[in-house]
Amino acid sequence: MRWLAGWSGTVSSARIPVARRPSDARSAPAPTVQDALGALAAVRPLAATALWTGPDPLWAVGDWRAEEIRQAVLLPNTRHPTVSTGPLPADLTQDTEAVVRLLVLGHCGAADHELAAGLAAARGGAVRHLTGWPGSYTVVLRVGTRNTLLLTDLAGLQPVFHTPWCGGTAYATAALPLADLIGAPVDTGHLAATLACPESPEALGTGTPYVGVHRVPPGHTLAIRGGRPHLTDYDDEGSPGGVPGQGGGEAPAVRELTRTLLEAVRSRVRNAPATAGPGPRRPRIGADLSYGTASTALALLAAAVPIGPGPAPAQAPGSGLSAELLPRNGATKGSWTRPDPASEPPEPELLAAVTVRESPRTTPETPLDVGRPRLRHTVLAATPLSLPYADLAGGALTDEPGRALVTVPGTVVRLSAGGADHLTGHGARQVLDGHPARLADLIREGRQRELLPPVAALAGVDRALAGTLTGTVRTPVTVLRAARRLARGGYAEALDDAAVQLTARRDSVRPSARPGVRFTAGAYSVADLAWCVPGPAARFLSDDALSAVALRLRLAARGPAPELHPGVRRARLALHHHAGAFRTLVHAAEQYGQRVHAPFFDNRVIRAARLLPADLRLQPGARHALLRAVLAGAGRSDLPADWGRAPRPDRAEAARAGLRAAADQLAELFHEPLLAEAGLIDLPVVRRALRTAADPYADLPPGALDGLADLVAVELWLRRFESRRHGSCWSGLPLPQRQAVAAARFG
């Protein structure tokens, strides 16, 4: 796990932790200011690289590449900023009142002159343009010695966390280091809200799994002035100039989406590092070639981009990469140096396309490039290790719990077969598809006529799935009724209704696969037409936990209503939730030195997708049609007519097979679970559900498998956190004495 940490603000000597032996606690005098400042100077993360020094330092921890740490510094009496890759020289790390610093951490496709121009504009207070470069990254801006500004991304894949510390504010790009810094225990109330309402900020707030550590919401800035944090929203989606679907028509919006996706893929392929060392050569670029069109589209786009030569093998790991590209046919153009004809031609660069055959009855989408020298297609056979819940005993502690923890072994195998930089299609559904709640937005805006195409498309799909009566009558009536109820209903009343649903244990979750039952497209849409939807794990929580979450919802209902329309808000929250799940997957499965990319989460791609007309995105199959149009705009018009229609694997069947194979491990896990010790779950109900899910002939309610996966993931995370409760990411601090789960139960 890679992270950034620092602090900003005035320092109070009474609040600085000074390490001393217990025997000296009574005899030693109170610490002086000099003692406190000396103790503060000794506090730093383990194995950290100092980026900024002084009273408000900043460190980078983990296997950062040099090109992932880019800085621009404007010194006094200079007109042009100094742009650097990696840590700065020692004479440029000290802060003064006249120094302005810009740090871009992560994958950013901006050129040096763009960073310099961005720093110059940011001095005048304009910061939104800092989020418009290609890639996925975090921005830190410091003006003088007391003003620090951090910007998160729109999706939430690059979050920022903060906590009060020593009279100022400590911040980091991961929550666990801040929890170690202040010795914070687990916040059981936040875990209950995560399981009960995972997409509802009314229940989650700005909290994290750690008491006292707060999250900066996606699309916000954290400004630390004089040691105090201030949050500001820079996302303009809800403003008149940022209304989704108002991009001037379908054709310009598709062209912009094509341009941004190509740019996102090209910047990652060009900056892929060269691998060196003994053993077989590993491709620098890999891509999922799964059953979805999103990952297939990214593989095709990446295969069309020439891979740069990368640094020479003699260079140190993490050094910067050349910006030159080697054309596919070996020719040269422009000012490139022509290779020596007598030299041996370089070996063709490969792109590793990885497919996991999840079911023998399904065939993934196969691009036309498979079999050409540009792609190396690897098909991984389904093994017991690829099933969910395999090898629950192993695994690293992630920053937060997530459902990806139950599928780590299979994900590790898949990523190991890929490249040093691996492209995935995560986020395409949330970015490209229109959220069903946007139907209510059309009613609110007086655009009822635009409801006809998506509702008619839903009815057509359901006629083929469930018969003429359901498709012709039931689906249009139920969908329009739910959309009108959401559009006309009040926000406070909706939260009160959600609280009643929780306490009465009436599920209102998304339908999922179940033996013998086929859920219709209309049923999926109706389930999402609400301000707040309980999560699939809510049915397994205890009465006390549900009552605590319901109280949070009722308190939020007394506050101001959000300015965004319900459809825009629900789409944004679904995107944030999925980005958080992908972040947990990366923490759990990414190999050392590897980078797993999700270009659909980039700010530029998200903003381009917002330009698409709402009625186009709401139609079933819109994502596949849009990706086909993107590939056609990129020159791939030779796709087969049935591309995007391949049968998808039965994930429910794989989940139940994994539950059967891991029955003994799960029984031991829930023999004395920490979740029950904290009063979060109804243990007899959970054990009964595990036995039912492992029975191939038993029937399961909708969402039960997803709910069990959430419970198992949180229990695994709690146990891993408990096993390191005496450890810390920091040096110079007393070891924290904390418990994984608070002793107090809900009341």
# chains A, B, ... in the order shown; residues from 1 in each chain; ligands from 1
call {"tool": "select_by_dssp", "arguments": {"residues": "segment 186-254 of chain A", "states": "alpha helix (DSSP H)", "output": "ChimeraX atom specification"}}
result
/A:188-196,201-204,250-254
call {"tool": "write_last_selection", "arguments": {"atoms": "N, CA, C and O atoms", "output": "PDB file, in the first residue's frame"}}
result
ATOM      1  N   THR A 188     -17.173   1.085  15.559  1.00  0.00           N
ATOM      2  CA  THR A 188     -18.179   0.077  15.258  1.00  0.00           C
ATOM      3  C   THR A 188     -19.441   0.688  14.664  1.00  0.00           C
ATOM      4  O   THR A 188     -20.144   0.045  13.880  1.00  0.00           O
ATOM      5  N   GLY A 189     -19.736   1.921  15.031  1.00  0.00           N
ATOM      6  CA  GLY A 189     -20.898   2.577  14.435  1.00  0.00           C
ATOM      7  C   GLY A 189     -20.723   2.772  12.939  1.00  0.00           C
ATOM      8  O   GLY A 189     -21.674   2.622  12.167  1.00  0.00           O
ATOM      9  N   HIS A 190     -19.519   3.117  12.516  1.00  0.00           N
ATOM     10  CA  HIS A 190     -19.269   3.281  11.084  1.00  0.00           C
ATOM     11  C   HIS A 190     -19.355   1.937  10.363  1.00  0.00           C
ATOM     12  O   HIS A 190     -19.877   1.865   9.246  1.00  0.00           O
ATOM     13  N   LEU A 191     -18.851   0.876  10.988  1.00  0.00           N
ATOM     14  CA  LEU A 191     -18.962  -0.443  10.363  1.00  0.00           C
ATOM     15  C   LEU A 191     -20.418  -0.854  10.211  1.00  0.00           C
ATOM     16  O   LEU A 191     -20.807  -1.447   9.192  1.00  0.00           O
ATOM     17  N   ALA A 192     -21.245  -0.560  11.203  1.00  0.00           N
ATOM     18  CA  ALA A 192     -22.671  -0.869  11.100  1.00  0.00           C
ATOM     19  C   ALA A 192     -23.304  -0.112   9.944  1.00  0.00           C
ATOM     20  O   ALA A 192     -24.096  -0.663   9.169  1.00  0.00           O
ATOM     21  N   ALA A 193     -22.951   1.186   9.798  1.00  0.00           N
ATOM     22  CA  ALA A 193     -23.497   1.975   8.695  1.00  0.00           C
ATOM     23  C   ALA A 193     -22.994   1.467   7.349  1.00  0.00           C
ATOM     24  O   ALA A 193     -23.736   1.458   6.357  1.00  0.00           O
ATOM     25  N   THR A 194     -21.749   1.022   7.286  1.00  0.00           N
ATOM     26  CA  THR A 194     -21.198   0.487   6.041  1.00  0.00           C
ATOM     27  C   THR A 194     -21.935  -0.767   5.606  1.00  0.00           C
ATOM     28  O   THR A 194     -22.182  -0.982   4.407  1.00  0.00           O
ATOM     29  N   LEU A 195     -22.302  -1.616   6.559  1.00  0.00           N
ATOM     30  CA  LEU A 195     -23.017  -2.843   6.222  1.00  0.00           C
ATOM     31  C   LEU A 195     -24.489  -2.580   5.935  1.00  0.00           C
ATOM     32  O   LEU A 195     -25.084  -3.245   5.088  1.00  0.00           O
ATOM     33  N   ALA A 196     -25.078  -1.623   6.625  1.00  0.00           N
ATOM     34  CA  ALA A 196     -26.517  -1.388   6.475  1.00  0.00           C
ATOM     35  C   ALA A 196     -26.837  -0.508   5.275  1.00  0.00           C
ATOM     36  O   ALA A 196     -27.771  -0.807   4.521  1.00  0.00           O
ATOM     37  N   PRO A 201     -24.389   8.614   2.361  1.00  0.00           N
ATOM     38  CA  PRO A 201     -23.600   9.485   3.235  1.00  0.00           C
ATOM     39  C   PRO A 201     -24.380   9.953   4.448  1.00  0.00           C
ATOM     40  O   PRO A 201     -23.779  10.400   5.424  1.00  0.00           O
ATOM     41  N   GLU A 202     -25.714   9.872   4.395  1.00  0.00           N
ATOM     42  CA  GLU A 202     -26.504  10.217   5.576  1.00  0.00           C
ATOM     43  C   GLU A 202     -26.185   9.294   6.740  1.00  0.00           C
ATOM     44  O   GLU A 202     -26.246   9.701   7.909  1.00  0.00           O
ATOM     45  N   ALA A 203     -25.840   8.036   6.452  1.00  0.00           N
ATOM     46  CA  ALA A 203     -25.472   7.085   7.500  1.00  0.00           C
ATOM     47  C   ALA A 203     -23.973   7.060   7.741  1.00  0.00           C
ATOM     48  O   ALA A 203     -23.518   6.921   8.882  1.00  0.00           O
ATOM     49  N   LEU A 204     -23.188   7.206   6.677  1.00  0.00           N
ATOM     50  CA  LEU A 204     -21.740   7.102   6.803  1.00  0.00           C
ATOM     51  C   LEU A 204     -21.105   8.404   7.257  1.00  0.00           C
ATOM     52  O   LEU A 204     -20.104   8.384   7.988  1.00  0.00           O
ATOM     53  N   GLU A 250     -25.492  13.924 -28.972  1.00  0.00           N
ATOM     54  CA  GLU A 250     -24.843  12.630 -28.797  1.00  0.00           C
ATOM     55  C   GLU A 250     -23.495  12.566 -29.493  1.00  0.00           C
ATOM     56  O   GLU A 250     -22.506  12.087 -28.920  1.00  0.00           O
ATOM     57  N   ALA A 251     -23.417  13.020 -30.728  1.00  0.00           N
ATOM     58  CA  ALA A 251     -22.180  12.884 -31.497  1.00  0.00           C
ATOM     59  C   ALA A 251     -21.010  13.626 -30.853  1.00  0.00           C
ATOM     60  O   ALA A 251     -19.923  13.040 -30.690  1.00  0.00           O
ATOM     61  N   PRO A 252     -21.142  14.909 -30.477  1.00  0.00           N
ATOM     62  CA  PRO A 252     -20.003  15.564 -29.804  1.00  0.00           C
ATOM     63  C   PRO A 252     -19.625  14.902 -28.486  1.00  0.00           C
ATOM     64  O   PRO A 252     -18.434  14.831 -28.149  1.00  0.00           O
ATOM     65  N   ALA A 253     -20.623  14.401 -27.745  1.00  0.00           N
ATOM     66  CA  ALA A 253     -20.322  13.751 -26.469  1.00  0.00           C
ATOM     67  C   ALA A 253     -19.544  12.463 -26.682  1.00  0.00           C
ATOM     68  O   ALA A 253     -18.596  12.160 -25.946  1.00  0.00           O
ATOM     69  N   VAL A 254     -19.915  11.674 -27.688  1.00  0.00           N
ATOM     70  CA  VAL A 254     -19.191  10.433 -27.976  1.00  0.00           C
ATOM     71  C   VAL A 254     -17.772  10.742 -28.433  1.00  0.00           C
ATOM     72  O   VAL A 254     -16.819  10.025 -28.085  1.00  0.00           O
TER      73      VAL A 254
END
call {"tool": "residues_around", "arguments": {"residues": "Gln430 of chain A", "least_positions_apart": "6", "cutoff": "10 Å", "atoms": "only C-alpha atoms", "output": "list in words"}}
result
Ala155, Ala571, Arg572, Leu573, Ala574, Leu575, His576, His577, His578, Ala579, Phe600, Phe601, Ile606 and Arg623 of chain A
call {"tool": "write_last_selection", "arguments": {"atoms": "N, CA and C atoms", "output": "PDB file, in the first residue's frame"}}
result
ATOM      1  N   ALA A 155     -14.091  10.423  -8.438  1.00  0.00           N
ATOM      2  CA  ALA A 155     -14.615   9.087  -8.158  1.00  0.00           C
ATOM      3  C   ALA A 155     -14.394   8.662  -6.713  1.00  0.00           C
ATOM      4  N   ALA A 571     -26.369   8.428  -8.655  1.00  0.00           N
ATOM      5  CA  ALA A 571     -25.320   8.011  -9.591  1.00  0.00           C
ATOM      6  C   ALA A 571     -23.941   8.347  -9.042  1.00  0.00           C
ATOM      7  N   ARG A 572     -23.817   9.526  -8.439  1.00  0.00           N
ATOM      8  CA  ARG A 572     -22.526   9.917  -7.872  1.00  0.00           C
ATOM      9  C   ARG A 572     -22.144   9.009  -6.713  1.00  0.00           C
ATOM     10  N   LEU A 573     -23.100   8.679  -5.837  1.00  0.00           N
ATOM     11  CA  LEU A 573     -22.800   7.833  -4.688  1.00  0.00           C
ATOM     12  C   LEU A 573     -22.465   6.410  -5.106  1.00  0.00           C
ATOM     13  N   ALA A 574     -23.136   5.894  -6.135  1.00  0.00           N
ATOM     14  CA  ALA A 574     -22.795   4.561  -6.644  1.00  0.00           C
ATOM     15  C   ALA A 574     -21.376   4.543  -7.193  1.00  0.00           C
ATOM     16  N   LEU A 575     -20.978   5.614  -7.868  1.00  0.00           N
ATOM     17  CA  LEU A 575     -19.616   5.707  -8.371  1.00  0.00           C
ATOM     18  C   LEU A 575     -18.613   5.731  -7.223  1.00  0.00           C
ATOM     19  N   HIS A 576     -18.885   6.494  -6.177  1.00  0.00           N
ATOM     20  CA  HIS A 576     -17.980   6.560  -5.037  1.00  0.00           C
ATOM     21  C   HIS A 576     -17.848   5.191  -4.364  1.00  0.00           C
ATOM     22  N   HIS A 577     -18.958   4.498  -4.224  1.00  0.00           N
ATOM     23  CA  HIS A 577     -18.924   3.193  -3.556  1.00  0.00           C
ATOM     24  C   HIS A 577     -18.107   2.186  -4.360  1.00  0.00           C
ATOM     25  N   HIS A 578     -18.300   2.170  -5.664  1.00  0.00           N
ATOM     26  CA  HIS A 578     -17.561   1.211  -6.482  1.00  0.00           C
ATOM     27  C   HIS A 578     -16.080   1.566  -6.532  1.00  0.00           C
ATOM     28  N   ALA A 579     -15.741   2.851  -6.564  1.00  0.00           N
ATOM     29  CA  ALA A 579     -14.334   3.242  -6.542  1.00  0.00           C
ATOM     30  C   ALA A 579     -13.669   2.819  -5.235  1.00  0.00           C
ATOM     31  N   PHE A 600     -11.563   4.314 -16.413  1.00  0.00           N
ATOM     32  CA  PHE A 600     -12.911   4.882 -16.364  1.00  0.00           C
ATOM     33  C   PHE A 600     -13.122   5.758 -15.132  1.00  0.00           C
ATOM     34  N   PHE A 601     -12.267   5.641 -14.120  1.00  0.00           N
ATOM     35  CA  PHE A 601     -12.377   6.476 -12.927  1.00  0.00           C
ATOM     36  C   PHE A 601     -11.656   7.808 -13.077  1.00  0.00           C
ATOM     37  N   ILE A 606     -14.839  10.812 -16.568  1.00  0.00           N
ATOM     38  CA  ILE A 606     -16.114  11.022 -15.879  1.00  0.00           C
ATOM     39  C   ILE A 606     -16.802  12.271 -16.413  1.00  0.00           C
ATOM     40  N   ARG A 623     -24.166   0.903 -22.434  1.00  0.00           N
ATOM     41  CA  ARG A 623     -22.710   0.850 -22.256  1.00  0.00           C
ATOM     42  C   ARG A 623     -22.028   0.151 -23.426  1.00  0.00           C
TER      43      ARG A 623
END
call {"tool": "atom_distance", "arguments": {"atom1": "atom CA of Leu541 of chain A", "atom2": "atom CA of Ala482 of chain A"}}
result
27.3 Å
call {"tool": "atom_distance", "arguments": {"atom1": "atom CA of Arg610 of chain A", "atom2": "atom CA of Val568 of chain A"}}
result
10.1 Å
call {"tool": "closest_residue", "arguments": {"among": "A:Gly633, A:Gly86, A:Gly522, A:Gly419", "to": "Ile285 of chain A", "atoms": "only C-alpha atoms"}}
result
A:Gly419
